[in-house]
file query-v3.cif (mmCIF, C-alpha atoms)
data_structure
#
loop_
_atom_site.label_atom_id
_atom_site.label_comp_id
_atom_site.auth_asym_id
_atom_site.auth_seq_id
_atom_site.Cartn_x
_atom_site.Cartn_y
_atom_site.Cartn_z
CA MET A 178 83.18 118.75 -35.33
CA ALA A 179 81.21 116.45 -33.26
CA THR A 180 80.40 112.87 -34.53
CA LEU A 181 76.97 111.00 -33.95
CA SER A 182 77.17 107.62 -32.40
CA SER A 183 74.83 104.93 -33.92
CA LYS A 184 73.67 101.61 -32.37
CA PRO A 185 74.99 98.87 -34.47
CA GLY A 186 72.45 96.25 -35.69
CA LEU A 187 69.93 95.46 -38.33
CA ARG A 188 67.49 98.12 -38.96
CA TYR A 189 64.12 97.69 -40.48
CA SER A 190 62.30 99.99 -42.72
CA VAL A 191 58.99 101.57 -41.93
CA SER A 192 57.36 99.33 -44.38
CA ASP A 193 58.84 96.28 -42.68
CA TRP A 194 57.62 97.59 -39.37
CA ALA A 195 54.17 98.19 -40.68
CA THR A 196 54.14 94.77 -42.27
CA ASN A 197 55.25 93.18 -39.05
CA ASN A 198 52.54 94.95 -37.11
CA LYS A 199 49.94 93.82 -39.58
CA GLN A 200 51.22 90.29 -39.45
CA ILE A 201 51.10 90.26 -35.67
CA SER A 202 47.55 91.56 -35.72
CA HIS A 203 46.55 89.05 -38.35
CA THR A 204 48.12 86.21 -36.39
CA ALA A 205 46.43 87.34 -33.19
CA GLU A 206 43.10 87.51 -34.95
CA ASN A 207 43.69 84.08 -36.47
CA LYS A 208 44.64 82.63 -33.10
CA ARG A 209 41.55 84.20 -31.57
CA ASN A 210 39.40 82.69 -34.29
CA ILE A 211 40.91 79.30 -33.72
CA SER A 212 40.47 79.69 -29.98
CA HIS A 213 36.88 80.77 -30.52
CA GLU A 214 36.21 77.74 -32.67
CA ILE A 215 37.84 75.50 -30.07
CA ARG A 216 35.75 77.11 -27.35
CA GLN A 217 32.62 76.65 -29.35
CA GLU A 218 33.49 73.06 -30.16
CA GLY A 219 34.36 72.49 -26.47
CA ARG A 220 31.03 73.93 -25.39
CA ALA A 221 29.24 71.79 -27.96
CA LEU A 222 31.22 68.75 -26.86
CA ARG A 223 30.45 69.53 -23.24
CA ASN A 224 26.79 69.84 -23.99
CA GLU A 225 26.86 66.73 -26.15
CA THR A 226 28.82 64.60 -23.65
CA THR A 227 26.70 65.87 -20.78
CA SER A 228 23.57 64.94 -22.62
CA LYS A 229 25.08 61.63 -23.69
CA THR A 230 26.25 60.89 -20.16
CA ASN A 231 22.88 61.81 -18.70
CA TRP A 232 21.06 59.77 -21.32
CA ASP A 233 23.38 56.78 -20.88
CA GLU A 234 22.90 56.99 -17.13
CA TYR A 235 19.12 57.19 -17.61
CA ASP A 236 19.17 54.39 -20.16
CA SER A 237 21.26 52.22 -17.83
CA SER A 238 18.86 52.96 -14.96
CA ARG A 239 15.93 52.12 -17.23
CA ARG A 240 17.59 48.89 -18.28
CA LEU A 241 18.31 48.11 -14.63
CA SER A 242 14.65 48.77 -13.84
CA ASP A 243 13.55 46.53 -16.70
CA ARG A 244 15.97 43.87 -15.57
CA ILE A 245 14.65 44.13 -12.03
CA ASN A 246 11.15 43.72 -13.38
CA ASP A 247 12.19 40.66 -15.38
CA VAL A 248 13.98 39.11 -12.42
CA THR A 249 11.03 39.95 -10.15
CA ARG A 250 8.60 38.36 -12.61
CA TRP A 251 10.62 35.18 -12.78
CA TRP A 252 11.10 35.24 -9.01
CA GLU A 253 7.33 35.40 -8.59
CA ASN A 254 6.89 32.56 -11.09
CA LEU A 255 9.50 30.47 -9.32
CA LYS A 256 8.00 31.23 -5.92
CA ALA A 257 4.49 30.31 -7.09
CA CYS A 258 5.85 27.12 -8.63
CA ALA A 259 7.75 26.30 -5.43
CA GLN A 260 4.56 26.76 -3.40
CA GLN A 261 2.73 24.43 -5.80
CA VAL A 262 5.52 21.89 -5.43
CA ASP A 263 5.28 22.14 -1.63
CA ALA A 264 1.51 21.62 -1.79
CA GLU A 265 1.93 18.64 -4.13
CA MET A 266 4.60 17.13 -1.88
CA ASP A 267 2.25 17.45 1.09
CA ALA A 268 -0.56 15.84 -0.92
CA LEU A 269 1.70 13.02 -2.13
CA THR A 270 3.03 12.47 1.40
CA LEU A 271 -0.55 12.23 2.67
CA SER A 272 -1.39 9.77 -0.13
CA LYS A 273 1.71 7.73 0.73
CA GLU A 274 0.75 7.65 4.41
CA GLU A 275 -2.79 6.54 3.52
CA THR A 276 -1.32 3.77 1.37
CA GLU A 277 0.97 2.77 4.24
CA ARG A 278 -2.04 2.61 6.54
CA ALA A 279 -3.86 0.49 3.96
CA LEU A 280 -0.82 -1.81 3.82
CA ALA A 281 -0.65 -1.98 7.61
CA ALA A 282 -4.38 -2.81 7.67
CA THR A 283 -3.67 -6.02 5.69
CA VAL A 284 -1.59 -7.42 8.56
CA LEU A 285 -4.64 -8.26 10.69
CA PRO A 286 -6.56 -10.10 7.91
CA LEU A 287 -3.45 -12.13 7.11
CA GLU A 288 -2.99 -13.04 10.78
CA VAL A 289 -6.67 -13.97 11.10
CA THR A 290 -6.59 -16.10 7.95
CA ALA A 291 -3.43 -17.90 9.06
CA GLU A 292 -4.97 -18.50 12.49
CA CYS A 293 -8.12 -19.92 10.90
CA LEU A 294 -6.05 -22.26 8.72
CA ASN A 295 -4.08 -23.41 11.76
CA LEU A 296 -7.27 -23.94 13.76
CA ARG A 297 -8.83 -26.04 11.03
CA GLU A 298 -5.70 -28.19 10.89
CA GLY A 299 -6.83 -29.47 14.30
CA ARG A 300 -9.66 -31.47 12.73
CA ARG A 301 -9.28 -35.27 13.11
CA GLY A 302 -9.99 -38.27 10.99
CA LYS A 303 -12.55 -38.00 8.26
CA GLU A 304 -13.34 -34.44 9.34
CA LEU A 305 -9.99 -33.27 7.98
CA VAL A 306 -11.34 -32.58 4.49
CA SER A 307 -10.31 -30.16 1.76
CA ASP A 308 -13.56 -28.21 1.74
CA PRO A 309 -14.53 -24.88 0.10
CA VAL A 310 -13.66 -23.06 3.33
CA GLU A 311 -10.03 -24.15 3.09
CA ALA A 312 -9.95 -23.20 -0.60
CA GLU A 313 -11.39 -19.75 0.15
CA LEU A 314 -9.00 -19.22 3.05
CA LYS A 315 -6.00 -20.09 0.86
CA LYS A 316 -7.36 -17.82 -1.83
CA GLU A 317 -7.69 -15.05 0.78
CA VAL A 318 -4.01 -15.49 1.66
CA GLU A 319 -3.15 -15.11 -2.04
CA VAL A 320 -5.38 -12.03 -2.35
CA ILE A 321 -3.78 -10.42 0.72
CA ASP A 322 -0.25 -11.23 -0.51
CA GLY A 323 -1.07 -9.71 -3.90
CA ALA A 324 -2.61 -6.65 -2.24
CA GLN A 325 0.50 -6.17 -0.09
CA ARG A 326 2.77 -6.37 -3.12
CA ILE A 327 0.67 -3.84 -5.05
CA LEU A 328 0.43 -1.43 -2.11
CA GLN A 329 4.17 -1.71 -1.47
CA GLN A 330 4.81 -0.88 -5.11
CA CYS A 331 2.59 2.19 -4.78
CA ILE A 332 4.49 3.25 -1.66
CA ASP A 333 7.83 2.79 -3.42
CA GLN A 334 6.62 4.81 -6.43
CA ALA A 335 5.37 7.59 -4.15
CA PHE A 336 8.67 7.61 -2.27
CA GLU A 337 10.72 7.85 -5.46
CA GLN A 338 8.42 10.60 -6.77
CA LEU A 339 8.86 12.51 -3.51
CA CYS A 340 12.62 12.31 -4.06
CA ARG A 341 12.23 13.73 -7.57
CA LEU A 342 9.92 16.48 -6.30
CA GLN A 343 12.44 17.28 -3.59
CA GLU A 344 15.18 17.57 -6.22
CA ALA A 345 13.01 19.89 -8.33
CA ARG A 346 12.13 21.89 -5.21
CA GLN A 347 15.80 22.19 -4.31
CA GLN A 348 16.60 23.47 -7.80
CA LEU A 349 13.80 26.02 -7.51
CA THR A 350 15.14 27.08 -4.11
CA ILE A 351 18.64 27.62 -5.51
CA ASP A 352 17.20 29.60 -8.44
CA LEU A 353 15.08 31.68 -6.05
CA GLN A 354 18.07 32.45 -3.86
CA ASP A 355 20.09 33.48 -6.91
CA LYS A 356 17.22 35.68 -8.07
CA ILE A 357 17.01 37.33 -4.65
CA GLU A 358 20.74 38.03 -4.61
CA ALA A 359 20.58 39.35 -8.18
CA LEU A 360 17.65 41.59 -7.21
CA ASP A 361 19.59 42.92 -4.23
CA VAL A 362 22.57 43.69 -6.46
CA ASP A 363 20.52 45.32 -9.24
CA MET A 364 18.34 47.31 -6.82
CA SER A 365 21.48 48.49 -5.05
CA CYS A 366 22.92 49.55 -8.42
CA LEU A 367 19.65 51.30 -9.31
CA SER A 368 19.73 53.25 -6.08
CA LEU A 369 23.25 54.61 -6.78
CA THR A 370 23.61 58.16 -8.19
CA MET A 371 26.56 60.35 -9.14
CA ARG A 372 26.34 61.89 -5.68
CA SER A 373 26.39 58.55 -3.85
CA PRO A 374 29.39 58.22 -1.53
CA GLU A 375 29.79 54.52 -2.40
CA ILE A 376 30.84 55.12 -6.01
CA SER A 377 34.51 54.93 -7.02
CA LEU A 378 36.74 54.01 -9.93
CA LYS A 379 37.36 50.29 -10.28
CA PRO A 380 40.13 48.45 -12.09
CA ASN A 381 38.95 46.91 -15.34
CA PRO A 382 35.21 47.13 -14.63
CA THR A 383 34.30 46.12 -18.19
CA ARG A 384 35.83 42.67 -17.92
CA VAL A 385 33.59 39.66 -18.58
CA PRO A 386 33.53 37.50 -15.41
CA PRO A 387 33.87 33.72 -15.85
CA GLY A 388 30.58 31.83 -15.81
CA SER A 389 28.65 34.65 -17.45
CA THR A 390 25.53 33.66 -19.39
CA THR A 391 23.41 35.21 -22.07
CA PRO A 392 19.88 36.47 -21.36
CA GLN A 393 18.56 33.57 -23.39
CA GLN A 394 20.50 31.08 -21.29
CA TRP A 395 19.36 32.83 -18.10
CA GLU A 396 15.70 32.67 -19.08
CA GLN A 397 16.00 29.12 -20.40
CA PHE A 398 17.45 27.99 -17.08
CA SER A 399 14.50 29.28 -15.05
CA ARG A 400 12.04 28.11 -17.68
CA TYR A 401 13.55 24.62 -17.48
CA ASN A 402 13.31 24.58 -13.68
CA VAL A 403 9.63 25.55 -13.81
CA ALA A 404 8.88 23.07 -16.60
CA ARG A 405 10.64 20.26 -14.74
CA ALA A 406 8.77 21.04 -11.53
CA LYS A 407 5.43 21.07 -13.37
CA GLU A 408 6.28 17.78 -15.06
CA GLU A 409 7.12 16.18 -11.73
CA MET A 410 3.92 17.59 -10.20
CA GLN A 411 1.89 16.11 -13.05
CA ALA A 412 3.54 12.74 -12.47
CA SER A 413 2.82 13.09 -8.76
CA VAL A 414 -0.87 13.80 -9.44
CA GLN A 415 -1.03 10.66 -11.58
CA ILE A 416 0.62 8.61 -8.84
CA ARG A 417 -1.84 9.95 -6.26
CA GLU A 418 -4.76 9.05 -8.49
CA ASN A 419 -3.32 5.58 -9.08
CA ASN A 420 -2.78 5.12 -5.35
CA SER A 421 -6.35 6.13 -4.60
CA ILE A 422 -7.74 3.76 -7.23
CA THR A 423 -5.44 0.94 -6.05
CA ARG A 424 -6.48 1.41 -2.41
CA ALA A 425 -10.15 1.26 -3.40
CA GLN A 426 -9.61 -1.83 -5.56
CA VAL A 427 -7.62 -3.57 -2.83
CA GLN A 428 -10.28 -2.73 -0.26
CA ASN A 429 -13.02 -4.09 -2.54
CA GLU A 430 -11.08 -7.28 -3.28
CA LEU A 431 -10.32 -7.90 0.39
CA GLU A 432 -13.92 -7.21 1.39
CA ALA A 433 -15.30 -9.47 -1.36
CA GLN A 434 -12.93 -12.28 -0.37
CA ARG A 435 -13.75 -11.81 3.31
CA MET A 436 -17.45 -12.16 2.54
CA ALA A 437 -16.76 -15.24 0.38
CA VAL A 438 -14.80 -16.87 3.20
CA GLU A 439 -17.47 -16.10 5.79
CA PHE A 440 -20.22 -17.39 3.50
CA ALA A 441 -18.30 -20.64 2.91
CA LEU A 442 -17.60 -20.88 6.65
CA ARG A 443 -21.27 -20.37 7.56
CA LYS A 444 -22.34 -22.91 4.96
CA ARG A 445 -19.76 -25.44 6.13
CA THR A 446 -20.75 -24.87 9.76
CA HIS A 447 -24.39 -25.45 8.86
CA HIS A 448 -23.53 -28.71 7.08
CA GLU A 449 -21.43 -29.86 10.03
CA GLU A 450 -24.24 -29.03 12.45
CA GLN A 451 -26.62 -31.05 10.30
CA ALA A 452 -24.16 -33.95 10.21
CA TYR A 453 -23.61 -33.66 13.98
CA HIS A 454 -27.33 -33.73 14.72
CA GLU A 455 -27.82 -36.59 12.27
CA MET A 456 -25.04 -38.52 13.97
CA GLN A 457 -26.59 -37.81 17.38
CA TRP A 458 -29.90 -39.20 16.14
CA GLN A 459 -28.23 -42.22 14.62
CA LEU A 460 -26.32 -42.86 17.85
CA LYS A 461 -29.47 -42.48 19.95
CA THR A 462 -31.39 -44.85 17.63
CA THR A 463 -28.54 -47.34 17.65
CA GLN A 464 -28.31 -47.25 21.43
CA GLU A 465 -32.05 -47.83 21.65
CA GLU A 466 -31.70 -50.75 19.24
CA ILE A 467 -28.85 -52.16 21.35
CA ALA A 468 -31.02 -51.92 24.42
CA GLU A 469 -33.88 -53.71 22.66
CA LEU A 470 -31.52 -56.34 21.28
CA GLU A 471 -30.04 -56.96 24.73
CA LYS A 472 -33.56 -57.48 26.07
CA ASP A 473 -34.34 -59.92 23.28
CA ILE A 474 -31.10 -61.80 23.97
CA CYS A 475 -32.12 -62.11 27.59
CA HIS A 476 -35.50 -63.39 26.50
CA LEU A 477 -33.86 -65.88 24.14
CA GLU A 478 -31.60 -67.09 26.91
CA GLU A 479 -34.60 -67.36 29.22
CA ASP A 480 -36.54 -69.29 26.59
CA MET A 481 -33.61 -71.65 26.11
CA GLN A 482 -33.47 -72.20 29.83
CA ALA A 483 -37.24 -72.68 29.84
CA LYS A 484 -36.97 -75.42 27.17
CA THR A 485 -34.58 -77.47 29.30
CA ALA A 486 -37.25 -78.71 31.74
CA PRO A 487 -39.67 -79.93 29.00
CA LEU A 488 -36.75 -81.64 27.27
CA LYS A 489 -35.77 -83.32 30.52
CA LEU A 490 -39.37 -84.36 31.02
CA VAL A 491 -39.62 -85.90 27.54
CA HIS A 492 -36.27 -87.64 27.92
CA THR A 493 -37.27 -88.97 31.31
CA ARG A 494 -40.62 -90.19 30.01
CA LEU A 495 -39.00 -91.89 27.04
CA GLU A 496 -36.35 -93.48 29.25
CA ASN A 497 -38.89 -94.63 31.80
CA ARG A 498 -41.18 -96.16 29.14
CA ILE A 499 -38.29 -98.31 27.99
CA LYS A 500 -38.69 -100.14 31.28
CA ARG A 501 -42.11 -101.46 30.29
CA PRO A 502 -42.04 -105.27 30.37
CA GLY A 503 -42.73 -107.73 27.59
CA ILE A 504 -45.42 -107.03 25.18
CA ASP A 505 -46.23 -103.72 26.89
CA LEU A 506 -42.99 -102.25 25.39
CA CYS A 507 -45.18 -101.02 22.60
CA ARG A 508 -44.37 -98.16 20.23
CA ASP A 509 -47.72 -96.61 20.70
CA GLU A 510 -48.97 -93.16 19.94
CA VAL A 511 -47.56 -91.98 23.23
CA GLN A 512 -44.15 -93.20 22.19
CA PHE A 513 -44.38 -91.50 18.82
CA GLY A 514 -45.71 -88.32 20.46
CA LEU A 515 -42.89 -88.27 22.98
CA VAL A 516 -40.33 -88.82 20.19
CA ASP A 517 -41.84 -86.04 18.11
CA GLU A 518 -41.90 -83.80 21.18
CA ALA A 519 -38.25 -84.52 21.90
CA LYS A 520 -37.22 -83.85 18.34
CA GLN A 521 -39.29 -80.67 18.28
CA LEU A 522 -37.72 -79.48 21.50
CA GLU A 523 -34.24 -80.19 20.15
CA VAL A 524 -35.05 -78.29 16.94
CA THR A 525 -36.49 -75.44 18.99
CA ILE A 526 -33.44 -75.26 21.25
CA LEU A 527 -31.15 -75.36 18.22
CA ALA A 528 -33.11 -72.58 16.56
CA LEU A 529 -32.99 -70.54 19.75
CA LYS A 530 -29.21 -71.12 20.01
CA GLN A 531 -28.68 -70.03 16.41
CA LYS A 532 -30.88 -66.96 16.86
CA LEU A 533 -29.07 -66.16 20.11
CA ALA A 534 -25.72 -66.42 18.32
CA HIS A 535 -26.96 -64.17 15.53
CA ALA A 536 -28.34 -61.71 18.08
CA GLN A 537 -25.09 -61.68 20.03
CA HIS A 538 -23.12 -61.17 16.81
CA SER A 539 -25.46 -58.35 15.81
CA LEU A 540 -25.12 -56.86 19.29
CA GLN A 541 -21.36 -56.96 19.04
CA SER A 542 -21.51 -55.33 15.61
CA LEU A 543 -23.88 -52.63 16.88
CA LYS A 544 -21.64 -51.92 19.86
CA GLN A 545 -18.60 -51.63 17.60
CA HIS A 546 -20.48 -49.28 15.31
CA GLU A 547 -21.71 -47.39 18.37
CA ALA A 548 -18.12 -46.87 19.44
CA GLN A 549 -17.25 -45.66 15.94
CA MET A 550 -20.21 -43.29 15.97
CA ILE A 551 -19.22 -41.97 19.40
CA GLU A 552 -15.69 -41.35 18.13
CA ASP A 553 -16.99 -39.80 14.92
CA LEU A 554 -19.43 -37.69 16.93
CA SER A 555 -16.53 -36.49 19.07
CA ARG A 556 -14.56 -35.59 15.95
CA LYS A 557 -17.58 -33.80 14.51
CA GLN A 558 -18.04 -31.90 17.75
CA ASP A 559 -14.37 -30.90 17.75
CA ALA A 560 -14.58 -29.87 14.08
CA LEU A 561 -17.73 -27.85 14.75
CA SER A 562 -16.04 -26.22 17.73
CA LEU A 563 -13.06 -25.32 15.51
CA GLU A 564 -15.40 -23.82 12.89
CA GLN A 565 -17.10 -21.75 15.58
CA ARG A 566 -13.73 -20.61 16.91
CA SER A 567 -12.75 -19.65 13.35
CA SER A 568 -15.95 -17.61 13.05
CA GLN A 569 -15.20 -15.89 16.35
CA THR A 570 -11.65 -15.22 15.21
CA ARG A 571 -12.89 -13.62 11.99
CA GLN A 572 -15.08 -11.25 14.00
CA ARG A 573 -11.87 -9.29 14.60
CA LEU A 574 -12.04 -8.30 10.94
CA THR A 575 -15.56 -6.92 11.37
CA LEU A 576 -14.47 -4.96 14.42
CA GLY A 577 -11.51 -3.66 12.40
CA VAL A 578 -13.87 -2.45 9.66
CA GLN A 579 -16.07 -0.68 12.22
CA THR A 580 -13.11 1.14 13.77
CA GLU A 581 -11.48 1.92 10.43
CA GLY A 582 -12.57 5.54 10.58
CA LEU A 583 -10.73 6.15 13.86
CA PRO A 584 -7.25 7.72 13.74
CA SER A 585 -4.46 5.20 13.99
CA ALA A 586 -0.70 5.34 14.09
CA VAL A 587 1.11 4.78 10.83
CA VAL A 588 3.22 1.63 10.88
CA PRO A 589 6.76 2.44 9.66
CA LEU A 590 7.36 0.46 6.50
CA THR A 591 10.59 0.00 4.60
CA ASN A 592 10.50 0.87 0.92
CA SER A 593 12.28 -1.02 -1.83
CA SER A 594 15.40 1.10 -1.54
CA GLY A 595 15.80 0.26 2.14
CA ARG A 596 15.06 3.81 3.35
CA HIS A 597 12.42 4.30 6.02
CA LYS A 598 11.49 7.91 5.48
CA LEU A 599 12.32 10.95 3.38
CA ASP A 600 13.51 14.16 4.99
CA LEU A 601 11.50 16.84 3.16
CA ALA A 602 12.74 19.76 5.23
#
call {"tool": "encode", "arguments": {"input": "query-v3.cif", "output": "structure tokens"}}
result
Amino acid sequence: MATLSSKPGLRYSVSDWATNNKQISHTAENKRNISHEIRQEGRALRNETTSKTNWDEYDSSRRLSDRINDVTRWWENLKACAQQVDAEMDALTLSKEETERALAATVLPLEVTAECLNLREGRRGKELVSDPVEAELKKEVEVIDGAQRILQQCIDQAFEQLCRLQEARQQLTIDLQDKIEALDVDMSCLSLTMRSPEISLKPNPTRVPPGSTTPQQWEQFSRYNVARAKEEMQASVQIRENNSITRAQVQNELEAQRMAVEFALRKRTHHEEQAYHEMQWQLKTTQEEIAELEKDICHLEEDMQAKTAPLKLVHTRLENRIKRPGIDLCRDEVQFGLVDEAKQLEVTILALKQKLAHAQHSLQSLKQHEAQMIEDLSRKQDALSLEQRSSQTRQRLTLGVQTEGLPSAVVPLTNSSGRHKLDLA
């Protein structure tokens, strides 16, 4: 009888097989459900991340746009402020140059005043007096010295203010350059898209670079630069106003003192002319008196000579009558008359001699005084000539006032710090 061969191994029952099939189906369905949920969650996540990414990209672009607007606004403010600073620097430079011209204009009055003082030192003798003209000239020197000191102080203040304005302008320039570079960077970032070829992954892009600032610090920095520039501009405006007022005051003081000096000079010249003419008249009258006195002296001498012959006659008659003989030697009326005549002639001659001596002494005194008056008249003429030369010298000031409106070169002047000019480029 034949035998059936059987495969050795574990055999399952139909129920186990059916259970296994059911379990497989259940597991497959469960896996599909899980996969479905994962797919749904993945799709939701994709949609959510896509939306989030798009929104973040839009929000970043919007923030970049807002930032660009903020930077542009501050750039415009800084640029406008820089232009105002440039205009104020130009105005202050012009005011400084006007003050320098005003200072240079005081050189001529000082030279003229010194020349007038030196000229008047040439007066001689009693004409060398300390008169009001000398006092006014010395006062003019003091006024000019004071004006030069004040104007130089104004120039120094303007120079220092220009330095401060230049520093503020330089700070604005640096801030403007930084703003321009920041605008270029942000506008370049705004122009980038996900399809731009320039984009790439960067190592550690979220790092905080050294020197970073907060928005408050950023805005405060620009606000401080603008505020500082405005403060310096306000100080510059005040300095310009002070310079203008000082120039006007100095001009008025110099003009008033110039008029005072010229008035005193005219008055003194008038007095000297009067004294000169008076001295001329006195000299002419004295010379006429000398001439008359010399004539009278000649007449006195002639009269004395004329009295000699009558005296000789009387003496001869008296001497001859002594020769009368005897009783005829009588002291008669003739004798007494001759004696009286002789005595009278002697008295007359003595009186004429005394008067001649007095006249000669008076003539000598008049001639000495004449010489003094001639010398004094010469000194007065020299003094009057010096006053006239001083007046002619001071006419240079009047010509300077008439040509003041013409353009003139600015005299380079050194400020208190020793610097000649400021490079504002």
call {"tool": "atom_distance", "arguments": {"input": "query-v3.cif", "atom1": "atom CA of Ser568 of chain A", "atom2": "atom CA of Gln451 of chain A"}}
result
17.4 Å
call {"tool": "atom_distance", "arguments": {"input": "query-v3.cif", "atom1": "atom CA of Asn295 of chain A", "atom2": "atom CA of Ala425 of chain A"}}
result
29.6 Å
call {"tool": "residues_around", "arguments": {"input": "query-v3.cif", "residues": "Leu495 of chain A", "least_positions_apart": "5", "cutoff": "8 Å", "atoms": "only C-alpha atoms", "output": "JSON, numbers by chain"}}
result
{"A": [512, 515, 516]}
call {"tool": "write_last_selection", "arguments": {"input": "query-v3.cif", "atoms": "C-alpha atoms", "output": "JSON list (two decimals), in the frame of the given file"}}
result
[["chain", "number", "residue", "atom", "x", "y", "z"],
["A", 512, "GLN", "CA", -44.15, -93.20, 22.19],
["A", 515, "LEU", "CA", -42.89, -88.27, 22.98],
["A", 516, "VAL", "CA", -40.33, -88.82, 20.19]]
call {"tool": "residues_around", "arguments": {"input": "query-v3.cif", "residues": "Thr525 of chain A", "least_positions_apart": "3", "cutoff": "12 Å", "atoms": "all atoms listed in the file", "output": "count of residues only"}}
result
21
call {"tool": "resolve_selection", "arguments": {"input": "query-v3.cif", "expression": "the PyMOL selection byres ((chain A and resi 354-363) around 9)", "output": "list in words"}}
result
Leu241, Ser242, Arg244, Ile245, Val248, Thr249, Trp251, Trp252, Leu349, Thr350, Ile351, Asp352, Leu353, Met364, Ser365, Cys366, Leu367 and Ser368 of chain A
call {"tool": "write_last_selection", "arguments": {"input": "query-v3.cif", "atoms": "C-alpha atoms", "output": "mmCIF file, in the frame of the given file"}}
result
data_model
loop_
_atom_site.group_PDB
_atom_site.id
_atom_site.type_symbol
_atom_site.label_atom_id
_atom_site.label_comp_id
_atom_site.auth_asym_id
_atom_site.auth_seq_id
_atom_site.Cartn_x
_atom_site.Cartn_y
_atom_site.Cartn_z
ATOM 1 C CA LEU A 241 18.310 48.110 -14.630
ATOM 2 C CA SER A 242 14.650 48.770 -13.840
ATOM 3 C CA ARG A 244 15.970 43.870 -15.570
ATOM 4 C CA ILE A 245 14.650 44.130 -12.030
ATOM 5 C CA VAL A 248 13.980 39.110 -12.420
ATOM 6 C CA THR A 249 11.030 39.950 -10.150
ATOM 7 C CA TRP A 251 10.620 35.180 -12.780
ATOM 8 C CA TRP A 252 11.100 35.240 -9.010
ATOM 9 C CA LEU A 349 13.800 26.020 -7.510
ATOM 10 C CA THR A 350 15.140 27.080 -4.110
ATOM 11 C CA ILE A 351 18.640 27.620 -5.510
ATOM 12 C CA ASP A 352 17.200 29.600 -8.440
ATOM 13 C CA LEU A 353 15.080 31.680 -6.050
ATOM 14 C CA MET A 364 18.340 47.310 -6.820
ATOM 15 C CA SER A 365 21.480 48.490 -5.050
ATOM 16 C CA CYS A 366 22.920 49.550 -8.420
ATOM 17 C CA LEU A 367 19.650 51.300 -9.310
ATOM 18 C CA SER A 368 19.730 53.250 -6.080
#
call {"tool": "resolve_selection", "arguments": {"input": "query-v3.cif", "expression": "the PyMOL selection byres ((chain A and resi 278-283) around 7)", "output": "ChimeraX atom specification"}}
result
/A:274-277,284-287,321,325,328,424,587-588
call {"tool": "write_last_selection", "arguments": {"input": "query-v3.cif", "atoms": "C-alpha atoms", "output": "short mmCIF file (atom, residue, chain, number, x, y, z; two decimals), keeping the file's coordinate frame"}}
result
data_model
loop_
_atom_site.label_atom_id
_atom_site.label_comp_id
_atom_site.auth_asym_id
_atom_site.auth_seq_id
_atom_site.Cartn_x
_atom_site.Cartn_y
_atom_site.Cartn_z
CA GLU A 274 0.75 7.65 4.41
CA GLU A 275 -2.79 6.54 3.52
CA THR A 276 -1.32 3.77 1.37
CA GLU A 277 0.97 2.77 4.24
CA VAL A 284 -1.59 -7.42 8.56
CA LEU A 285 -4.64 -8.26 10.69
CA PRO A 286 -6.56 -10.10 7.91
CA LEU A 287 -3.45 -12.13 7.11
CA ILE A 321 -3.78 -10.42 0.72
CA GLN A 325 0.50 -6.17 -0.09
CA LEU A 328 0.43 -1.43 -2.11
CA ARG A 424 -6.48 1.41 -2.41
CA VAL A 587 1.11 4.78 10.83
CA VAL A 588 3.22 1.63 10.88
#
call {"tool": "closest_residue", "arguments": {"input": "query-v3.cif", "among": "A:Met550, A:Ile422, A:Ile499, A:Ala486", "to": "Thr462 of chain A", "atoms": "all atoms listed in the file"}}
result
A:Met550
call {"tool": "closest_residue", "arguments": {"input": "query-v3.cif", "among": "A:Thr570, A:Glu479, A:Asp263, A:Lys379", "to": "Ala291 of chain A", "atoms": "all atoms listed in the file"}}
result
A:Thr570
call {"tool": "closest_residue", "arguments": {"input": "query-v3.cif", "among": "A:Ala560, A:Gln464, A:Glu496, A:Gln415", "to": "His447 of chain A", "atoms": "only C-alpha atoms"}}
result
A:Ala560
call {"tool": "atom_distance", "arguments": {"input": "query-v3.cif", "atom1": "atom CA of Arg341 of chain A", "atom2": "atom CA of Gln260 of chain A"}}
result
15.7 Å
call {"tool": "resolve_selection", "arguments": {"input": "query-v3.cif", "expression": "the PyMOL selection byres ((chain A and resi 567) around 10)", "output": "list in words"}}
result
Val289, Thr290, Glu292, Cys293, Leu294, Asn295, Leu296, Arg297, Glu439, Leu442, Leu561, Ser562, Leu563, Glu564, Gln565, Arg566, Ser568, Gln569, Thr570, Arg571 and Gln572 of chain A
call {"tool": "axis_aligned_box", "arguments": {"input": "query-v3.cif", "around": "segment 381-393 of chain A", "padding_each_side": "8 Å", "output": "lines of an AutoDock Vina configuration file"}}
result
center_x = 28.8
center_y = 39.5
center_z = -19.0
size_x = 36.4
size_y = 31.3
size_z = 24.8
